[in-house]
Amino acid sequence: MAEDKRVGPPHVGSERETLRAFLDYHRATLAMKCEGLTDAELRQRSMPPSTLSLLALVRHMAEVERAWFRRVFEDNDAPMVWSDEIDFQAAYDDSASTRAEAFAAWEAEVEHSRRIERAAPSLDLTGRQPRWDEEVSLRMVMVHVLLEYGRHNGHADLLREGVDGAVGA
């Protein structure tokens with residue numbers, strides 16, 4: 001893995017600054033876990049029959065970003081990135097995917113999410129979560145997505161170690 005260039009969250013800051021910084025820290029962690037690997041290495045699966053791989057995680061997190069920011073606050077009918085239906089499992093099929101494709105989609109969704117968050121007047125902004133047909137706050141969305149990254153970055157730690165033995169942050 002490359003040198004750790006992530007910017008840590010502030011030790012003191014507003015709720016919004018802290019949530020934003022932790023999200024960006026975890027986004028950077030996922031990217032760092034994938035640095036320096038070939039497409040084939042990024043597609044290396046954890047263990048049969050699982051389809052979990054680093055590339056699949058990047059694809060999945062593109063779906064998570066879209067489902068929780070774009071679909072909630074801008075367009076409830078926006079299609080998923082990798083499927084026509086609401087199928088988060090489709091992202092785990094990375095058999096024909098490349099780093100370039102997966103990262104382009106994920107980075108575009110991250111930028112879209114950042115734009116939505118920055119434009120929001122407060123964390124109390126609500127949008128409709130179409131899968132639940134319920135209102136949710138930007139605060140809840142940011143915490144939910146942060147938890148998704150935390151869980152999947154734990155998977156990324158193990159996947160990266162399995163690819164080339166690299167461990168650590």
# chains A, B, ... in the order shown; residues from 1 in each chain; ligands from 1
$ select_by_dssp --residues "range 2-169 of chain A" --states "alpha helix (DSSP H)" --output "PyMOL selection string"
chain A and resi 15-34+39-42+54-65+71-73+99-119+138-164
$ residues_around --residues "Val163 in chain A" --least-positions-apart "3" --cutoff "8 Å" --atoms "only C-alpha atoms" --output "PyMOL selection string"
chain A and resi 41+44+159-160+166
$ residues_around --residues "range 15-19 of chain A" --least-positions-apart "4" --cutoff "9 Å" --atoms "only C-alpha atoms" --output "CSV table (one decimal) with C-alpha atoms, in the first residue's frame"
chain,number,residue,atom,x,y,z
A,9,PRO,CA,-11.1,14.0,11.3
A,10,PRO,CA,-10.9,17.0,13.6
A,11,HIS,CA,-10.7,16.4,17.3
A,23,LEU,CA,-17.0,10.2,5.8
A,24,ASP,CA,-14.1,11.5,3.7
A,122,SER,CA,-28.6,21.9,7.8
A,123,LEU,CA,-28.4,18.3,8.9
A,139,ARG,CA,-27.9,13.5,9.6
A,142,MET,CA,-24.5,10.6,6.8
A,143,VAL,CA,-24.4,8.4,9.9
A,146,LEU,CA,-20.5,6.3,7.6
$ closest_residue --among "A:Val72, A:Gly165, A:Ser83, A:Leu42" --to "Asp133 in chain A" --atoms "only C-alpha atoms"
A:Val72
$ residues_around --residues "Arg66 in chain A" --least-positions-apart "5" --cutoff "8 Å" --atoms "only C-alpha atoms" --output "PyMOL selection string"
chain A and resi 71+80-81+109+113
$ write_last_selection --atoms "all heavy atoms" --output "PDB file, in the first residue's frame"
ATOM      1  N   ARG A  71     -30.677   9.415  -4.514  1.00  0.00           N
ATOM      2  CA  ARG A  71     -32.064   8.929  -4.558  1.00  0.00           C
ATOM      3  C   ARG A  71     -32.913   9.509  -3.424  1.00  0.00           C
ATOM      4  O   ARG A  71     -34.116   9.665  -3.579  1.00  0.00           O
ATOM      5  CB  ARG A  71     -32.091   7.402  -4.513  1.00  0.00           C
ATOM      6  CG  ARG A  71     -31.646   6.772  -5.830  1.00  0.00           C
ATOM      7  CD  ARG A  71     -31.645   5.251  -5.797  1.00  0.00           C
ATOM      8  NE  ARG A  71     -32.833   4.639  -5.273  1.00  0.00           N
ATOM      9  CZ  ARG A  71     -33.930   4.336  -5.972  1.00  0.00           C
ATOM     10  NH1 ARG A  71     -33.966   4.591  -7.254  1.00  0.00           N
ATOM     11  NH2 ARG A  71     -34.966   3.766  -5.385  1.00  0.00           N
ATOM     12  N   MET A  80     -30.208   2.546 -10.176  1.00  0.00           N
ATOM     13  CA  MET A  80     -29.004   2.127  -9.483  1.00  0.00           C
ATOM     14  C   MET A  80     -27.853   2.160 -10.487  1.00  0.00           C
ATOM     15  O   MET A  80     -28.067   2.253 -11.689  1.00  0.00           O
ATOM     16  CB  MET A  80     -29.183   0.720  -8.906  1.00  0.00           C
ATOM     17  CG  MET A  80     -30.306   0.612  -7.875  1.00  0.00           C
ATOM     18  SD  MET A  80     -30.051   1.616  -6.399  1.00  0.00           S
ATOM     19  CE  MET A  80     -28.828   0.636  -5.549  1.00  0.00           C
ATOM     20  N   VAL A  81     -26.645   2.118 -10.009  1.00  0.00           N
ATOM     21  CA  VAL A  81     -25.476   2.203 -10.879  1.00  0.00           C
ATOM     22  C   VAL A  81     -25.305   0.924 -11.686  1.00  0.00           C
ATOM     23  O   VAL A  81     -25.041   0.959 -12.884  1.00  0.00           O
ATOM     24  CB  VAL A  81     -24.197   2.481 -10.056  1.00  0.00           C
ATOM     25  CG1 VAL A  81     -22.980   2.581 -10.959  1.00  0.00           C
ATOM     26  CG2 VAL A  81     -24.348   3.752  -9.225  1.00  0.00           C
ATOM     27  N   GLU A 109     -20.152   9.306  -7.805  1.00  0.00           N
ATOM     28  CA  GLU A 109     -21.202   9.293  -6.781  1.00  0.00           C
ATOM     29  C   GLU A 109     -20.749   9.993  -5.503  1.00  0.00           C
ATOM     30  O   GLU A 109     -21.533  10.699  -4.868  1.00  0.00           O
ATOM     31  CB  GLU A 109     -21.663   7.861  -6.485  1.00  0.00           C
ATOM     32  CG  GLU A 109     -22.420   7.226  -7.617  1.00  0.00           C
ATOM     33  CD  GLU A 109     -23.625   8.016  -8.092  1.00  0.00           C
ATOM     34  OE1 GLU A 109     -24.360   8.599  -7.255  1.00  0.00           O
ATOM     35  OE2 GLU A 109     -23.853   8.057  -9.319  1.00  0.00           O
ATOM     36  N   SER A 113     -22.604  13.126  -3.861  1.00  0.00           N
ATOM     37  CA  SER A 113     -23.000  13.132  -2.444  1.00  0.00           C
ATOM     38  C   SER A 113     -22.447  14.354  -1.731  1.00  0.00           C
ATOM     39  O   SER A 113     -23.154  15.002  -0.949  1.00  0.00           O
ATOM     40  CB  SER A 113     -22.504  11.859  -1.757  1.00  0.00           C
ATOM     41  OG  SER A 113     -23.072  10.718  -2.339  1.00  0.00           O
TER      42      SER A 113
END
$ atom_distance --atom1 "CA of Met47 in chain A" --atom2 "CA of Glu101 in chain A"
23.8 Å
$ closest_residue --among "A:Glu63, A:Glu111, A:Asp94, A:Glu117" --to "Pro79 in chain A" --atoms "only C-alpha atoms"
A:Glu63
$ select_by_dssp --residues "range 16-168 of chain A" --states "strand (DSSP E or B)" --output "list of chain:residue names"
A:Thr126, A:Gly127, A:Arg128, A:Gln129, A:Glu134, A:Glu135, A:Val136, A:Ser137
$ closest_residue --among "A:Arg27, A:Leu138, A:Ala91, A:Ala78" --to "Asp124 in chain A" --atoms "only C-alpha atoms"
A:Leu138
$ closest_atom_pairs --of "range 36-115 of chain A" --to "range 127-132 of chain A" --cutoff "9 Å" --atoms "only C-alpha atoms" --output "JSON lines"
{"residue": "A:Ala67", "atom": "CA", "partner": "A:Gln129", "partner_atom": "CA", "distance": 8.3}
{"residue": "A:Trp68", "atom": "CA", "partner": "A:Gln129", "partner_atom": "CA", "distance": 7.4}
{"residue": "A:Phe69", "atom": "CA", "partner": "A:Gly127", "partner_atom": "CA", "distance": 9.0}
{"residue": "A:Arg71", "atom": "CA", "partner": "A:Gln129", "partner_atom": "CA", "distance": 7.2}
{"residue": "A:Val72", "atom": "CA", "partner": "A:Gln129", "partner_atom": "CA", "distance": 5.0}
{"residue": "A:Phe73", "atom": "CA", "partner": "A:Gly127", "partner_atom": "CA", "distance": 4.9}
{"residue": "A:Glu74", "atom": "CA", "partner": "A:Gly127", "partner_atom": "CA", "distance": 8.1}
{"residue": "A:Asn76", "atom": "CA", "partner": "A:Pro130", "partner_atom": "CA", "distance": 5.8}
{"residue": "A:Asp77", "atom": "CA", "partner": "A:Pro130", "partner_atom": "CA", "distance": 8.1}
{"residue": "A:Ile86", "atom": "CA", "partner": "A:Arg131", "partner_atom": "CA", "distance": 8.4}
$ write_last_selection --atoms "all heavy atoms" --output "PDB file, in the first residue's frame"
ATOM      1  N   ALA A  67     -27.762   5.534  -3.514  1.00  0.00           N
ATOM      2  CA  ALA A  67     -29.025   5.197  -2.858  1.00  0.00           C
ATOM      3  C   ALA A  67     -29.337   6.121  -1.692  1.00  0.00           C
ATOM      4  O   ALA A  67     -30.507   6.407  -1.419  1.00  0.00           O
ATOM      5  CB  ALA A  67     -28.994   3.744  -2.387  1.00  0.00           C
ATOM      6  N   TRP A  68     -28.310   6.586  -0.988  1.00  0.00           N
ATOM      7  CA  TRP A  68     -28.545   7.365   0.219  1.00  0.00           C
ATOM      8  C   TRP A  68     -28.426   8.866   0.031  1.00  0.00           C
ATOM      9  O   TRP A  68     -28.940   9.620   0.866  1.00  0.00           O
ATOM     10  CB  TRP A  68     -27.631   6.885   1.337  1.00  0.00           C
ATOM     11  CG  TRP A  68     -28.126   5.586   1.866  1.00  0.00           C
ATOM     12  CD1 TRP A  68     -27.692   4.336   1.523  1.00  0.00           C
ATOM     13  CD2 TRP A  68     -29.205   5.414   2.775  1.00  0.00           C
ATOM     14  NE1 TRP A  68     -28.438   3.399   2.186  1.00  0.00           N
ATOM     15  CE2 TRP A  68     -29.377   4.026   2.969  1.00  0.00           C
ATOM     16  CE3 TRP A  68     -30.046   6.287   3.451  1.00  0.00           C
ATOM     17  CZ2 TRP A  68     -30.356   3.513   3.804  1.00  0.00           C
ATOM     18  CZ3 TRP A  68     -31.013   5.767   4.294  1.00  0.00           C
ATOM     19  CH2 TRP A  68     -31.156   4.396   4.466  1.00  0.00           C
ATOM     20  N   PHE A  69     -27.788   9.333  -0.999  1.00  0.00           N
ATOM     21  CA  PHE A  69     -27.748  10.769  -1.228  1.00  0.00           C
ATOM     22  C   PHE A  69     -28.600  11.151  -2.435  1.00  0.00           C
ATOM     23  O   PHE A  69     -29.616  11.839  -2.294  1.00  0.00           O
ATOM     24  CB  PHE A  69     -26.305  11.262  -1.405  1.00  0.00           C
ATOM     25  CG  PHE A  69     -25.540  11.332  -0.118  1.00  0.00           C
ATOM     26  CD1 PHE A  69     -24.723  10.288   0.275  1.00  0.00           C
ATOM     27  CD2 PHE A  69     -25.630  12.441   0.705  1.00  0.00           C
ATOM     28  CE1 PHE A  69     -24.011  10.348   1.470  1.00  0.00           C
ATOM     29  CE2 PHE A  69     -24.924  12.512   1.908  1.00  0.00           C
ATOM     30  CZ  PHE A  69     -24.122  11.459   2.288  1.00  0.00           C
ATOM     31  N   ARG A  71     -30.677   9.415  -4.514  1.00  0.00           N
ATOM     32  CA  ARG A  71     -32.064   8.929  -4.558  1.00  0.00           C
ATOM     33  C   ARG A  71     -32.913   9.509  -3.424  1.00  0.00           C
ATOM     34  O   ARG A  71     -34.116   9.665  -3.579  1.00  0.00           O
ATOM     35  CB  ARG A  71     -32.091   7.402  -4.513  1.00  0.00           C
ATOM     36  CG  ARG A  71     -31.646   6.772  -5.830  1.00  0.00           C
ATOM     37  CD  ARG A  71     -31.645   5.251  -5.797  1.00  0.00           C
ATOM     38  NE  ARG A  71     -32.833   4.639  -5.273  1.00  0.00           N
ATOM     39  CZ  ARG A  71     -33.930   4.336  -5.972  1.00  0.00           C
ATOM     40  NH1 ARG A  71     -33.966   4.591  -7.254  1.00  0.00           N
ATOM     41  NH2 ARG A  71     -34.966   3.766  -5.385  1.00  0.00           N
ATOM     42  N   VAL A  72     -32.322   9.858  -2.308  1.00  0.00           N
ATOM     43  CA  VAL A  72     -33.086  10.410  -1.187  1.00  0.00           C
ATOM     44  C   VAL A  72     -33.343  11.903  -1.368  1.00  0.00           C
ATOM     45  O   VAL A  72     -34.459  12.378  -1.164  1.00  0.00           O
ATOM     46  CB  VAL A  72     -32.364  10.152   0.157  1.00  0.00           C
ATOM     47  CG1 VAL A  72     -32.985  10.960   1.291  1.00  0.00           C
ATOM     48  CG2 VAL A  72     -32.387   8.666   0.478  1.00  0.00           C
ATOM     49  N   PHE A  73     -32.341  12.653  -1.794  1.00  0.00           N
ATOM     50  CA  PHE A  73     -32.473  14.109  -1.791  1.00  0.00           C
ATOM     51  C   PHE A  73     -32.699  14.740  -3.162  1.00  0.00           C
ATOM     52  O   PHE A  73     -33.037  15.915  -3.239  1.00  0.00           O
ATOM     53  CB  PHE A  73     -31.239  14.739  -1.133  1.00  0.00           C
ATOM     54  CG  PHE A  73     -31.115  14.375   0.311  1.00  0.00           C
ATOM     55  CD1 PHE A  73     -30.151  13.485   0.734  1.00  0.00           C
ATOM     56  CD2 PHE A  73     -31.985  14.887   1.257  1.00  0.00           C
ATOM     57  CE1 PHE A  73     -30.038  13.121   2.070  1.00  0.00           C
ATOM     58  CE2 PHE A  73     -31.891  14.540   2.591  1.00  0.00           C
ATOM     59  CZ  PHE A  73     -30.914  13.652   3.009  1.00  0.00           C
ATOM     60  N   GLU A  74     -32.524  13.988  -4.236  1.00  0.00           N
ATOM     61  CA  GLU A  74     -32.683  14.594  -5.560  1.00  0.00           C
ATOM     62  C   GLU A  74     -33.660  13.872  -6.470  1.00  0.00           C
ATOM     63  O   GLU A  74     -34.474  14.507  -7.118  1.00  0.00           O
ATOM     64  CB  GLU A  74     -31.326  14.672  -6.277  1.00  0.00           C
ATOM     65  CG  GLU A  74     -30.443  15.746  -5.761  1.00  0.00           C
ATOM     66  CD  GLU A  74     -29.220  15.949  -6.623  1.00  0.00           C
ATOM     67  OE1 GLU A  74     -28.892  15.102  -7.468  1.00  0.00           O
ATOM     68  OE2 GLU A  74     -28.571  16.984  -6.430  1.00  0.00           O
ATOM     69  N   ASN A  76     -35.789  10.281  -6.462  1.00  0.00           N
ATOM     70  CA  ASN A  76     -36.179   8.971  -5.923  1.00  0.00           C
ATOM     71  C   ASN A  76     -36.176   7.873  -6.976  1.00  0.00           C
ATOM     72  O   ASN A  76     -36.067   6.701  -6.640  1.00  0.00           O
ATOM     73  CB  ASN A  76     -37.575   9.023  -5.298  1.00  0.00           C
ATOM     74  CG  ASN A  76     -37.640   9.741  -3.975  1.00  0.00           C
ATOM     75  OD1 ASN A  76     -38.714  10.113  -3.534  1.00  0.00           O
ATOM     76  ND2 ASN A  76     -36.514   9.953  -3.324  1.00  0.00           N
ATOM     77  N   ASP A  77     -36.293   8.238  -8.236  1.00  0.00           N
ATOM     78  CA  ASP A  77     -36.354   7.257  -9.316  1.00  0.00           C
ATOM     79  C   ASP A  77     -35.027   7.075 -10.042  1.00  0.00           C
ATOM     80  O   ASP A  77     -34.984   6.365 -11.057  1.00  0.00           O
ATOM     81  CB  ASP A  77     -37.436   7.654 -10.321  1.00  0.00           C
ATOM     82  CG  ASP A  77     -38.817   7.652  -9.691  1.00  0.00           C
ATOM     83  OD1 ASP A  77     -39.104   6.738  -8.887  1.00  0.00           O
ATOM     84  OD2 ASP A  77     -39.609   8.573  -9.978  1.00  0.00           O
ATOM     85  N   ILE A  86     -33.649  -2.341  -7.806  1.00  0.00           N
ATOM     86  CA  ILE A  86     -32.936  -2.073  -6.560  1.00  0.00           C
ATOM     87  C   ILE A  86     -32.301  -3.395  -6.135  1.00  0.00           C
ATOM     88  O   ILE A  86     -32.897  -4.200  -5.436  1.00  0.00           O
ATOM     89  CB  ILE A  86     -33.879  -1.532  -5.470  1.00  0.00           C
ATOM     90  CG1 ILE A  86     -34.632  -0.306  -5.963  1.00  0.00           C
ATOM     91  CG2 ILE A  86     -33.089  -1.229  -4.198  1.00  0.00           C
ATOM     92  CD1 ILE A  86     -33.732   0.834  -6.403  1.00  0.00           C
TER      93      ILE A  86
END
$ closest_residue --among "A:Ala120, A:Val136, A:Val110, A:Ala156" --to "Gly168 in chain A" --atoms "only C-alpha atoms"
A:Ala156
$ closest_residue --among "A:Arg115, A:Thr126, A:Val141, A:Ala62" --to "Ala90 in chain A" --atoms "only C-alpha atoms"
A:Ala62
$ closest_residue --among "A:Ala31, A:Asp164, A:Arg59, A:Leu147" --to "Ala102 in chain A" --atoms "only C-alpha atoms"
A:Arg59
$ atom_distance --atom1 "CA of Asp75 in chain A" --atom2 "CA of Ala108 in chain A"
15.8 Å
$ decode --residues "range 140-153 of chain A" --atoms "N, CA and C atoms" --output "compact mmCIF listing (two decimals), in the first residue's frame"
# COMPACT_ATOMS: atom_id res chain seq x y z
N MET A 140 -29.14 11.47 9.53
CA MET A 140 -29.29 10.01 9.54
C MET A 140 -28.57 9.40 8.34
N VAL A 141 -28.69 10.01 7.18
CA VAL A 141 -28.05 9.49 5.97
C VAL A 141 -26.53 9.49 6.13
N MET A 142 -25.98 10.58 6.64
CA MET A 142 -24.53 10.64 6.81
C MET A 142 -24.05 9.59 7.80
N VAL A 143 -24.77 9.39 8.90
CA VAL A 143 -24.38 8.38 9.87
C VAL A 143 -24.51 6.99 9.26
N HIS A 144 -25.59 6.76 8.52
CA HIS A 144 -25.78 5.44 7.90
C HIS A 144 -24.66 5.13 6.91
N VAL A 145 -24.33 6.08 6.06
CA VAL A 145 -23.28 5.85 5.06
C VAL A 145 -21.93 5.69 5.75
N LEU A 146 -21.68 6.45 6.79
CA LEU A 146 -20.45 6.30 7.57
C LEU A 146 -20.35 4.88 8.14
N LEU A 147 -21.44 4.36 8.66
CA LEU A 147 -21.43 2.99 9.19
C LEU A 147 -21.19 1.97 8.08
N GLU A 148 -21.75 2.21 6.89
CA GLU A 148 -21.49 1.32 5.75
C GLU A 148 -20.00 1.28 5.43
N TYR A 149 -19.38 2.46 5.37
CA TYR A 149 -17.95 2.50 5.09
C TYR A 149 -17.15 1.81 6.18
N GLY A 150 -17.50 2.05 7.44
CA GLY A 150 -16.76 1.43 8.53
C GLY A 150 -16.81 -0.09 8.44
N ARG A 151 -17.99 -0.62 8.18
CA ARG A 151 -18.15 -2.08 8.08
C ARG A 151 -17.37 -2.61 6.89
N HIS A 152 -17.52 -1.97 5.74
CA HIS A 152 -16.88 -2.49 4.53
C HIS A 152 -15.38 -2.23 4.51
N ASN A 153 -14.92 -1.21 5.20
CA ASN A 153 -13.47 -1.02 5.29
C ASN A 153 -12.84 -2.12 6.15
